[in-house]
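K.L.:
The file below is run18.txt, compact mmCIF, C-alpha atoms:
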# COMPACT_ATOMS: atom_id res chain seq x y z
CA MET A 112 30.33 -68.27 22.78
CA MET A 113 28.32 -66.11 20.38
CA PHE A 114 30.35 -67.44 17.48
CA LEU A 115 29.74 -71.03 18.63
CA ALA A 116 26.03 -70.31 18.98
CA ARG A 117 25.90 -69.20 15.38
CA ARG A 118 27.43 -72.51 14.35
CA THR A 119 24.47 -74.40 15.81
CA VAL A 120 21.20 -74.81 13.92
CA PRO A 121 19.11 -72.90 16.52
CA GLY A 122 21.73 -70.15 16.54
CA ARG A 123 21.62 -69.79 12.77
CA ILE A 124 17.82 -69.74 12.81
CA LYS A 125 17.90 -66.99 15.42
CA VAL A 126 20.44 -64.96 13.45
CA ILE A 127 18.47 -65.24 10.21
CA SER A 128 15.26 -64.43 12.08
CA ALA A 129 16.88 -61.40 13.72
CA VAL A 130 18.07 -60.07 10.35
CA THR A 131 14.58 -60.66 8.93
CA VAL A 132 12.94 -58.82 11.83
CA ALA A 133 15.41 -55.94 11.45
CA SER A 134 14.65 -55.62 7.73
CA LEU A 135 10.90 -55.73 8.45
CA THR A 136 11.34 -53.05 11.12
CA LEU A 137 13.18 -50.89 8.58
CA LEU A 138 10.35 -51.38 6.06
CA PHE A 139 7.56 -50.41 8.42
CA SER A 140 9.54 -47.59 10.00
CA THR A 141 10.19 -46.19 6.54
CA LEU A 142 6.52 -46.39 5.59
CA ALA A 143 5.48 -44.77 8.87
CA TYR A 144 7.96 -41.93 8.40
CA GLY A 145 6.90 -41.36 4.80
CA THR A 146 3.21 -41.24 5.64
CA ALA A 147 3.89 -38.86 8.52
CA ALA A 148 5.82 -36.53 6.19
CA ALA A 149 3.04 -36.64 3.61
CA ARG A 150 0.41 -36.00 6.30
CA GLU A 151 2.32 -32.98 7.58
CA GLY A 152 2.73 -31.55 4.09
CA LEU A 153 -0.96 -31.95 3.34
CA ARG A 154 -1.87 -30.46 6.73
CA VAL A 155 0.22 -27.34 6.19
CA ILE A 156 -0.94 -26.83 2.62
CA GLY A 157 -4.57 -27.75 3.14
CA LEU A 158 -5.41 -26.78 6.72
CA ASP A 159 -2.82 -24.39 8.12
CA ALA A 160 -0.67 -21.99 6.09
CA GLY A 161 -2.55 -22.64 2.83
CA PRO A 162 -5.89 -21.26 4.08
CA GLN A 163 -4.01 -18.40 5.74
CA VAL A 164 -2.52 -17.40 2.40
CA VAL A 165 -5.98 -17.38 0.82
CA ALA A 166 -7.34 -15.37 3.75
CA THR A 167 -4.58 -12.76 3.51
CA ALA A 168 -5.00 -12.58 -0.28
CA GLY A 169 -8.66 -11.82 0.37
CA LEU A 170 -7.55 -9.19 2.86
CA TYR A 171 -5.49 -7.47 0.16
CA MET A 172 -8.45 -7.38 -2.18
CA GLY A 173 -10.84 -6.16 0.50
CA LEU A 174 -8.55 -3.31 1.48
CA SER A 175 -8.02 -2.21 -2.10
CA ASP A 176 -11.76 -2.30 -2.78
CA MET A 177 -12.47 -0.20 0.30
CA ASP A 178 -10.28 2.52 -1.17
CA ALA A 179 -11.92 2.08 -4.56
CA GLN A 180 -15.39 2.55 -3.08
CA VAL A 181 -14.33 5.74 -1.30
CA ALA A 182 -13.07 7.10 -4.63
CA ASP A 183 -16.37 6.12 -6.28
CA ALA A 184 -18.38 7.76 -3.50
CA LEU A 185 -16.43 11.01 -3.84
CA LEU A 186 -16.77 10.90 -7.62
CA LEU A 187 -20.50 10.21 -7.67
CA GLY A 188 -21.49 12.80 -5.08
CA ASP A 189 -25.19 12.42 -4.17
CA ARG A 190 -25.40 9.11 -6.13
CA ARG A 191 -22.93 7.34 -3.91
CA GLN A 192 -25.22 5.11 -1.82
CA ASP A 193 -24.22 1.92 -3.60
CA ALA A 194 -20.52 2.74 -3.23
CA LEU A 195 -20.93 3.39 0.52
CA ALA A 196 -22.90 0.17 0.96
CA ARG A 197 -20.13 -1.77 -0.77
CA TYR A 198 -17.53 0.03 1.33
CA ASP A 199 -19.27 -1.13 4.52
CA GLN A 200 -19.50 -4.68 3.17
CA ARG A 201 -15.78 -4.73 2.31
CA ARG A 202 -14.93 -3.34 5.74
CA LYS A 203 -16.74 -6.27 7.36
CA GLU A 204 -14.95 -8.73 5.08
CA VAL A 205 -11.59 -7.17 5.93
CA GLY A 206 -12.36 -7.49 9.63
CA ALA A 207 -13.27 -11.16 9.20
CA ALA A 208 -10.11 -11.80 7.15
CA LEU A 209 -7.97 -10.17 9.83
CA LEU A 210 -9.59 -12.31 12.53
CA GLN A 211 -8.99 -15.45 10.48
CA ALA A 212 -5.39 -14.47 9.76
CA HIS A 213 -4.83 -13.76 13.46
CA SER A 214 -6.29 -17.14 14.41
CA LEU A 215 -4.20 -19.01 11.84
CA ALA A 216 -1.03 -17.10 12.75
CA GLY A 217 -0.86 -18.97 16.06
CA ALA A 218 2.13 -17.91 18.12
CA ASP A 219 4.14 -16.48 15.21
CA PRO A 220 5.29 -13.09 16.55
CA ALA A 221 6.15 -11.58 13.16
CA GLU A 222 2.73 -12.28 11.66
CA ARG A 223 0.96 -11.08 14.80
CA ARG A 224 2.90 -7.81 14.67
CA THR A 225 2.02 -7.34 11.00
CA ILE A 226 -1.66 -8.01 11.68
CA ALA A 227 -1.63 -5.54 14.59
CA SER A 228 0.02 -2.95 12.34
CA VAL A 229 -2.65 -3.49 9.67
CA LEU A 230 -5.37 -3.03 12.28
CA ASP A 231 -3.80 0.20 13.48
CA GLY A 232 -3.37 1.50 9.93
CA LEU A 233 -6.93 0.51 9.06
CA GLY A 234 -8.24 2.65 11.91
CA ARG A 235 -6.26 5.64 10.63
CA TYR A 236 -7.45 5.01 7.09
CA GLU A 237 -11.11 4.89 8.11
CA ARG A 238 -10.77 8.23 9.93
CA LEU A 239 -9.27 9.87 6.84
CA ALA A 240 -11.85 8.29 4.51
CA SER A 241 -14.70 9.42 6.77
CA GLU A 242 -13.27 12.92 6.80
CA ALA A 243 -13.06 12.98 3.00
CA LEU A 244 -16.64 11.75 2.66
CA LEU A 245 -17.91 14.26 5.21
CA LEU A 246 -16.15 17.16 3.52
CA SER A 247 -17.54 16.00 0.19
CA SER A 248 -21.06 15.95 1.61
CA LEU A 249 -20.66 19.41 3.09
CA SER A 250 -19.50 20.80 -0.26
CA ALA A 251 -22.89 19.69 -1.72
CA ALA A 252 -21.55 19.79 -5.27
CA PRO A 253 -23.59 18.06 -7.99
CA ALA A 254 -22.35 14.66 -9.11
CA GLY A 255 -19.91 14.80 -12.02
CA SER A 256 -19.12 18.48 -11.43
CA ASP A 257 -16.77 20.40 -9.17
CA GLY A 258 -18.92 23.51 -9.23
CA SER A 259 -17.15 24.96 -12.25
CA THR A 260 -17.32 24.41 -16.00
CA SER A 261 -14.15 22.34 -16.09
CA SER A 262 -14.28 19.25 -18.29
CA ALA A 263 -10.93 17.81 -17.22
CA PRO A 264 -10.79 14.06 -16.54
CA GLY A 265 -10.62 14.74 -12.85
CA SER A 266 -13.75 16.83 -12.55
CA SER A 267 -15.81 15.45 -9.67
CA GLY A 268 -18.16 16.20 -6.83
CA ALA A 269 -15.32 16.50 -4.30
CA ASP A 270 -13.83 19.84 -3.29
CA ASP A 271 -10.16 20.49 -2.63
CA LYS A 272 -10.39 19.73 1.10
CA ALA A 273 -12.12 16.40 0.47
CA LEU A 274 -9.54 15.52 -2.18
CA ALA A 275 -6.71 16.42 0.19
CA ALA A 276 -8.13 14.08 2.85
CA TYR A 277 -8.64 11.32 0.30
CA ARG A 278 -5.08 11.68 -0.96
CA GLN A 279 -3.82 11.06 2.56
CA ALA A 280 -6.15 8.08 2.88
CA THR A 281 -5.20 6.47 -0.43
CA ASP A 282 -1.49 7.10 0.18
CA LEU A 283 -1.82 5.34 3.54
CA MET A 284 -3.61 2.46 1.85
CA THR A 285 -1.21 2.01 -1.05
CA ARG A 286 2.05 2.71 0.81
CA GLU A 287 1.41 0.97 4.13
CA LEU A 288 -1.69 -1.21 4.36
CA LEU A 289 -1.54 -3.02 1.04
CA PRO A 290 2.21 -3.80 1.29
CA GLN A 291 1.68 -5.13 4.82
CA ALA A 292 -1.23 -7.28 3.67
CA TYR A 293 0.90 -8.59 0.81
CA ASN A 294 3.73 -9.36 3.24
CA LEU A 295 1.34 -11.53 5.24
CA THR A 296 0.59 -13.46 2.06
CA LEU A 297 4.28 -13.83 1.26
CA GLU A 298 5.15 -15.06 4.76
CA SER A 299 2.44 -17.71 4.72
CA GLY A 300 3.27 -18.58 1.12
CA THR A 301 6.88 -19.23 2.13
CA ILE A 302 5.69 -21.66 4.80
CA VAL A 303 3.58 -23.49 2.22
CA ARG A 304 6.46 -23.65 -0.25
CA HIS A 305 8.86 -25.06 2.34
CA ALA A 306 6.28 -27.58 3.55
CA TYR A 307 5.66 -28.72 -0.01
CA GLU A 308 9.33 -28.97 -0.95
CA ASP A 309 10.26 -30.83 2.25
CA GLY A 310 7.22 -33.11 2.15
CA HIS A 311 7.49 -33.97 -1.52
CA ALA A 312 11.24 -34.63 -1.40
CA THR A 313 10.82 -36.79 1.71
CA VAL A 314 7.96 -38.84 0.26
CA VAL A 315 9.85 -39.47 -3.01
CA ALA A 316 12.99 -40.53 -1.14
CA VAL A 317 11.07 -42.67 1.35
CA ARG A 318 9.25 -44.45 -1.47
CA LEU A 319 12.58 -45.61 -2.90
CA VAL A 320 13.83 -46.67 0.53
CA ALA A 321 10.56 -48.54 1.15
CA LEU A 322 10.99 -50.51 -2.08
CA LEU A 323 14.59 -51.38 -1.21
CA SER A 324 13.80 -52.30 2.39
CA GLY A 325 10.79 -54.33 1.21
CA ALA A 326 13.00 -56.24 -1.21
CA LEU A 327 15.52 -56.81 1.59
CA ALA A 328 12.83 -58.05 3.99
CA LEU A 329 11.37 -60.34 1.34
CA GLY A 330 14.85 -61.70 0.57
CA CYS A 331 15.42 -62.41 4.25
CA LEU A 332 12.12 -64.28 4.51
CA VAL A 333 13.00 -66.36 1.44
CA TRP A 334 16.43 -67.02 2.94
CA LEU A 335 14.81 -68.17 6.18
CA GLN A 336 12.38 -70.45 4.35
CA VAL A 337 15.08 -72.00 2.18
CA TYR A 338 17.30 -72.65 5.20
CA LEU A 339 14.50 -74.28 7.17
CA ALA A 340 13.38 -76.36 4.18
CA ARG A 341 16.89 -77.66 3.53
CA ARG A 342 17.82 -78.22 7.15
CA PHE A 343 14.62 -79.96 8.18
CA ARG A 344 13.90 -81.53 4.78
CA ARG A 345 10.41 -80.02 4.58
CA VAL A 346 8.58 -78.06 1.92
CA PHE A 347 8.06 -74.33 2.43
CA GLY A 348 5.95 -73.60 5.49
CA PRO A 349 2.57 -71.91 4.86
CA ALA A 350 3.11 -69.49 7.74
CA LEU A 351 6.36 -68.09 6.34
CA LEU A 352 4.85 -68.08 2.85
CA ALA A 353 1.95 -65.98 4.16
CA ALA A 354 4.42 -63.65 5.87
CA SER A 355 6.34 -63.29 2.60
CA LEU A 356 3.20 -62.48 0.64
CA ALA A 357 2.12 -59.98 3.30
CA THR A 358 5.56 -58.35 3.20
CA ALA A 359 5.43 -58.01 -0.58
CA ALA A 360 1.89 -56.62 -0.37
CA CYS A 361 2.86 -54.07 2.29
CA ALA A 362 5.96 -52.92 0.41
CA ILE A 363 4.17 -52.58 -2.94
CA THR A 364 1.08 -50.98 -1.45
CA GLY A 365 3.18 -48.61 0.62
CA ALA A 366 5.21 -47.58 -2.43
CA VAL A 367 2.05 -47.05 -4.50
CA VAL A 368 0.40 -44.99 -1.76
CA LEU A 369 3.54 -42.89 -1.30
CA GLU A 370 3.65 -42.27 -5.05
CA GLN A 371 0.00 -41.16 -4.87
CA GLU A 372 0.82 -38.90 -1.92
CA ALA A 373 3.66 -37.28 -3.86
CA SER A 374 1.26 -36.73 -6.75
CA ALA A 375 -1.38 -35.32 -4.39
CA LEU A 376 1.16 -32.87 -2.98
CA VAL A 377 2.13 -31.74 -6.49
CA THR A 378 -1.50 -31.33 -7.54
CA ALA A 379 -2.49 -29.54 -4.34
CA LYS A 380 0.47 -27.16 -4.50
CA ARG A 381 0.94 -26.44 -8.22
CA ASP A 382 -2.45 -27.02 -9.82
CA GLY A 383 -4.47 -26.02 -6.78
CA PHE A 384 -2.84 -23.71 -4.27
CA ASP A 385 -0.52 -21.84 -6.66
CA SER A 386 -3.33 -21.26 -9.13
CA VAL A 387 -5.78 -20.14 -6.45
CA LEU A 388 -3.21 -17.76 -5.03
CA THR A 389 -2.35 -16.43 -8.50
CA LEU A 390 -5.99 -15.74 -9.23
CA ALA A 391 -6.51 -14.15 -5.81
CA ARG A 392 -3.58 -11.85 -6.54
CA ALA A 393 -4.94 -11.16 -10.01
CA ARG A 394 -8.32 -10.18 -8.57
CA ALA A 395 -6.71 -7.95 -5.95
CA ILE A 396 -4.50 -6.19 -8.50
CA SER A 397 -7.42 -5.92 -10.92
CA ASN A 398 -9.59 -4.35 -8.26
CA SER A 399 -6.89 -1.81 -7.44
CA LEU A 400 -6.45 -1.18 -11.17
CA HIS A 401 -10.19 -0.55 -11.51
CA ALA A 402 -9.98 1.89 -8.60
CA ASP A 403 -7.30 3.82 -10.49
CA GLN A 404 -9.94 4.57 -13.11
CA SER A 405 -12.09 6.27 -10.48
CA ARG A 406 -9.08 8.08 -9.06
CA TYR A 407 -8.14 9.21 -12.57
CA LEU A 408 -11.51 10.92 -12.94
CA LEU A 409 -11.66 12.11 -9.35
CA ASP A 410 -8.29 13.84 -8.98
CA SER A 411 -7.13 15.91 -11.96
CA VAL A 412 -3.87 16.79 -10.17
CA ARG A 413 -2.83 13.13 -10.03
CA ALA A 414 -4.64 11.97 -13.18
CA ASP A 415 -1.41 11.24 -15.07
CA THR A 416 -0.05 9.31 -12.10
CA TYR A 417 -3.16 7.15 -11.89
CA GLN A 418 -3.09 6.48 -15.61
CA HIS A 419 0.52 5.35 -15.29
CA THR A 420 -0.28 3.07 -12.31
CA PHE A 421 -3.17 1.61 -14.30
CA PHE A 422 -0.70 0.81 -17.08
CA ASP A 423 1.84 -0.70 -14.67
CA LYS A 424 -0.76 -2.93 -13.02
CA SER A 425 -2.11 -4.02 -16.39
CA GLN A 426 1.41 -5.02 -17.39
CA SER A 427 1.86 -6.97 -14.16
CA LEU A 428 -1.27 -8.98 -14.94
CA VAL A 429 -0.79 -9.57 -18.67
CA TYR A 430 2.59 -8.48 -19.96
CA VAL A 431 2.76 -7.05 -23.46
CA ALA A 432 5.72 -5.08 -24.79
CA ALA A 433 4.42 -1.49 -24.93
CA GLU A 434 5.75 1.94 -24.00
CA ASN A 435 2.49 3.47 -22.81
CA LEU A 436 -1.15 2.65 -22.08
CA PRO A 437 -2.59 3.36 -25.57
CA ALA A 438 0.07 1.14 -27.18
CA TYR A 439 -0.60 -1.56 -24.56
CA GLN A 440 -4.34 -1.53 -25.20
CA ARG A 441 -3.84 -1.79 -28.96
CA ALA A 442 -1.52 -4.77 -28.44
CA VAL A 443 -3.90 -6.47 -25.99
CA GLY A 444 -6.69 -6.25 -28.55
CA ALA A 445 -4.65 -8.47 -30.89
CA LEU A 446 -3.89 -11.19 -28.31
CA LYS A 447 -5.28 -14.67 -28.84
CA ASN A 448 -4.77 -15.78 -25.24
CA THR A 449 -3.44 -14.39 -21.98
CA ARG A 450 -1.21 -15.65 -19.19
CA PHE A 451 -2.09 -13.97 -15.93
CA LEU A 452 0.87 -13.09 -13.73
CA GLY A 453 2.99 -15.21 -16.04
CA MET A 454 1.27 -18.43 -14.93
CA LEU A 455 -2.37 -19.02 -15.81
CA ARG A 456 -4.07 -19.20 -19.17
CA GLY A 457 -7.78 -18.83 -19.82
CA ARG A 458 -9.60 -18.11 -23.06
CA ASP A 459 -12.67 -16.66 -21.32
CA VAL A 460 -10.52 -14.47 -19.11
CA ALA A 461 -8.56 -13.28 -22.15
CA ALA A 462 -11.70 -12.15 -23.97
CA SER A 463 -13.10 -10.38 -20.91
CA TRP A 464 -9.73 -8.71 -20.25
CA GLN A 465 -9.71 -7.37 -23.81
CA ARG A 466 -13.24 -6.00 -23.43
CA PHE A 467 -12.29 -4.29 -20.18
CA GLN A 468 -9.24 -2.65 -21.75
CA GLN A 469 -11.34 -1.52 -24.70
CA ALA A 470 -13.87 0.02 -22.32
CA ASP A 471 -11.05 1.83 -20.51
CA GLN A 472 -9.74 3.13 -23.82
CA ALA A 473 -13.17 4.58 -24.58
CA LEU A 474 -13.36 6.06 -21.07
CA ARG A 475 -10.14 8.01 -21.45
CA ALA A 476 -11.37 9.52 -24.70
CA GLN A 477 -14.15 11.29 -22.75
CA SER A 478 -14.23 13.84 -19.94
CA GLY A 479 -16.48 15.36 -17.30
CA ALA A 480 -19.94 13.89 -16.77
CA ALA A 481 -19.63 11.71 -19.89
CA ALA A 482 -16.51 10.04 -18.48
CA THR A 483 -18.24 9.46 -15.13
CA ALA A 484 -21.22 7.90 -16.95
CA ALA A 485 -18.86 5.66 -18.90
CA LEU A 486 -17.17 4.55 -15.67
CA THR A 487 -20.43 3.60 -13.99
CA GLY A 488 -21.84 2.05 -17.17
CA PRO A 489 -19.78 0.20 -19.80
CA VAL A 490 -16.53 0.17 -17.80
CA ARG A 491 -18.16 -1.21 -14.65
CA ALA A 492 -20.04 -3.83 -16.66
CA ALA A 493 -16.86 -4.91 -18.46
CA PHE A 494 -14.95 -5.12 -15.18
CA ASP A 495 -17.69 -7.11 -13.44
CA ASP A 496 -17.72 -9.58 -16.34
CA TYR A 497 -13.93 -9.90 -16.23
CA ASP A 498 -13.93 -10.34 -12.44
CA ALA A 499 -16.64 -13.00 -12.70
CA THR A 500 -14.49 -15.02 -15.10
CA LEU A 501 -11.61 -14.86 -12.61
CA VAL A 502 -13.94 -16.07 -9.86
CA ARG A 503 -15.15 -19.02 -11.95
CA LEU A 504 -11.60 -20.00 -12.86
CA GLY A 505 -10.59 -19.70 -9.22
CA GLN A 506 -13.46 -21.95 -8.14
CA ARG A 507 -12.28 -24.66 -10.53
CA HIS A 508 -8.79 -24.54 -9.07
CA GLU A 509 -10.20 -24.49 -5.54
CA THR A 510 -12.04 -27.71 -6.36
CA THR A 511 -8.81 -29.22 -7.69
CA PHE A 512 -7.04 -28.15 -4.49
CA ALA A 513 -9.71 -29.55 -2.18
CA ASN A 514 -9.90 -32.85 -4.10
CA ALA A 515 -6.11 -33.30 -3.98
CA ILE A 516 -6.04 -32.73 -0.22
CA ALA A 517 -8.98 -35.10 0.29
CA ASP A 518 -7.45 -37.80 -1.93
CA GLY A 519 -4.16 -37.53 -0.09
CA GLY A 520 -5.89 -37.90 3.26
CA THR A 521 -7.86 -40.92 2.05
CA GLY A 522 -4.71 -42.67 0.87
CA LEU A 523 -2.95 -42.05 4.16
CA ARG A 524 -5.88 -43.37 6.20
CA GLY A 525 -5.91 -46.53 4.12
CA LEU A 526 -2.18 -47.06 4.62
CA TRP A 527 -2.43 -46.49 8.37
CA VAL A 528 -5.06 -49.24 8.48
CA LEU A 529 -2.86 -51.55 6.40
CA LEU A 530 0.32 -51.13 8.45
CA PRO A 531 -0.93 -52.60 11.78
CA ILE A 532 -2.64 -55.48 9.99
CA GLY A 533 0.49 -56.19 7.97
CA ILE A 534 2.68 -56.13 11.07
CA LEU A 535 0.41 -58.59 12.88
CA VAL A 536 0.17 -60.97 9.92
CA ILE A 537 3.92 -60.94 9.27
CA ALA A 538 4.83 -61.26 12.95
CA ALA A 539 2.43 -64.18 13.37
CA GLY A 540 3.75 -65.83 10.22
CA VAL A 541 7.41 -65.54 11.25
CA PHE A 542 6.67 -66.78 14.76
CA ALA A 543 4.57 -69.70 13.50
CA GLY A 544 7.23 -70.65 10.99
CA VAL A 545 10.27 -70.44 13.28
CA TRP A 546 9.06 -71.41 16.74
CA PRO A 547 8.16 -75.05 15.94
CA ARG A 548 11.61 -75.62 14.44
CA LEU A 549 13.32 -74.18 17.52
CA LYS A 550 11.20 -76.38 19.80
CA GLU A 551 12.63 -79.48 18.13
CA TYR A 552 15.99 -78.70 19.74
CA ARG A 553 14.65 -78.38 23.28
Give the structure from this file in structure tokens form.

P.N.:
Amino acid sequence: MMFLARRTVPGRIKVISAVTVASLTLLFSTLAYGTAAAREGLRVIGLDAGPQVVATAGLYMGLSDMDAQVADALLLGDRRQDALARYDQRRKEVGAALLQAHSLAGADPAERRTIASVLDGLGRYERLASEALLLSSLSAAPAGSDGSTSSAPGSSGADDKALAAYRQATDLMTRELLPQAYNLTLESGTIVRHAYEDGHATVVAVRLVALLSGALALGCLVWLQVYLARRFRRVFGPALLAASLATAACAITGAVVLEQEASALVTAKRDGFDSVLTLARARAISNSLHADQSRYLLDSVRADTYQHTFFDKSQSLVYVAAENLPAYQRAVGALKNTRFLGMLRGRDVAASWQRFQQADQALRAQSGAAATAALTGPVRAAFDDYDATLVRLGQRHETTFANAIADGGTGLRGLWVLLPIGILVIAAGVFAGVWPRLKEYR
């Protein structure tokens, strides 16, 4: 019976109409799936894991600067008020970053355990740092002197007991807290990478399917119009013509929007998020590197170790083939440009990085009170200038990131408005074009 029905004119009209409706359903389902994938990718990158990565990167920097300010306070003795004030400010920022990371972690048990471990370690660190500062105060040694005539790089206002407490504190910071904070960044960064890769691949594939399904739907509508025109000896119906135009418009617009969404994902991830994260890491490493300068002057026992860690961190930021710090600093002075962490270039950052390394080179040529004065004067000024250039570069990439997320959201909202209107127009056109012909056989 079904075969006989297809042999009749109404049966053929129904079959062609059913195929047309199926192809239109495929088109709109594809567009809906693609927009949902793009929306999820933008949500994860822009509102969920992306901000969490930035928050945890800020946590890393705040923790490292807390340790740096303790070293400065011990080094400066009775001139340590500014260092202590900055320490308190960083402690508040670390607390806020931990709260934000905990809020964004949701129900993820691994991240919650890491955050709890950081909180526990932070409490132990603060006790050790407070002990070191108290012992330093009780020693009442003049700033820039350890009570003797020593002029070694590590001469400071901290006595042996204060240094011993600080060593425990900085070991806890560098061996436990900072790696845990970095792990939080890596975990969230992995989520962002997977969301980007899945979302971008899906949007690109769906765009191709949308074009193919749109062409199929348009072909079915043309087939339906040609059949009706030949069978009923009429010109093309305006209703089906409107449905065809609407189908073409939806398919082309959907493909264009999906292409824009793929581009927005690329811009948000590579030019925005990756660059912001790279600069956040660069600032955190730079801050820890700057703290090694204070530790180098503070602790003569570990001075060589801190000089070596300064060299290693410098290499991690801007790699130059060199066997030791003096050779590295000579090579850096000849650079025309720099690539931070192997990714970002910036002429202003390159110049400020060179000035900072030159100031460090001058610092290590001095000792005792002169070295401490150099640290708090030219070296600090050079570092602040270098850090400010990183901040400005980061703000530019943050703007790129925010604009890409906003543009992606705007495109998706426009497509979600178009889809229901397109469905109504096409459905009305198909119904108005087919139903009168079917009524002729009743």

K.L.:
Between A:Ala328, A:Ala160, A:Val528, A:Ala182, which is the closest to A:Thr136 once you count only C-alpha atoms?

P.N.:
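Looking at the shortest contact to A:Thr136, the residue is A:Ala328.
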
K.L.:
Which residue, A:Leu274, A:Met172, A:Ala218, A:Leu428, has the smallest gap to A:Glu204 when you use only C-alpha atoms?

P.N.:
A:Met172

K.L.:
Extract, using all atoms listed in the file, all DNA, RNA and protein residues at most 8 Å from A:Ala280, discarding same-chain residues fewer than 2 positions from it, and format them as a PyMOL selection string.

P.N.:
chain A and resi 236-237+239-240+276-278+282-284

K.L.:
Rank A:Ala379, A:Ala461, A:Ala393, A:Ala366 by their smallest atom-to-atom distance to A:Glu509, using all atoms listed in the file, and report the top residue only.

P.N.:
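Using all atoms listed in the file, the shortest distance to A:Glu509 belongs to A:Ala379.
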
K.L.:
Nearest to A:Val320: which of A:Glu222, A:Phe139, A:Leu185, A:Ile396 is it, counting only C-alpha atoms?

P.N.:
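For A:Val320, the nearest of the given residues is A:Phe139.
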
K.L.:
What does the structure give for the distance between atom CA of A:Thr358 and atom CA of A:Gly525, in Å to one decimal?

P.N.:
16.5 Å

K.L.:
In Å to one decimal, how far is atom CA of A:Ala354 from atom CA of A:Leu332?

P.N.:
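Straight-line distance from atom CA of A:Leu332 to atom CA of A:Ala354 works out to 7.8 Å.
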
K.L.:
For A:Leu369, please output as a ChimeraX atom specification all residues within 12 Å (counting all atoms listed in the file; exclusion window: fewer than 3 positions along the same chain).

P.N.:
/A:141-150,310-322,361-366,372-376,519-520,522-523,525-527

K.L.:
Considering all atoms listed in the file, return as a PyMOL selection string whatever protein or nucleic-acid residues lie within 9 Å of A:Asp159, sequence-local ones (same chain, fewer than 4 positions apart) excluded.

P.N.:
chain A and resi 154-155+163+215-216+303

K.L.:
Around all the atoms of stretch 149-156 of chain A listed in the file, draw an axis-aligned box and extend it by 4 Å on each of the six sides; I want its centre and edge lengths in Å to one decimal, as JSON.

P.N.:
{"center_x": 0.6, "center_y": -31.7, "center_z": 5.1, "size_x": 12.9, "size_y": 17.8, "size_z": 13.0}
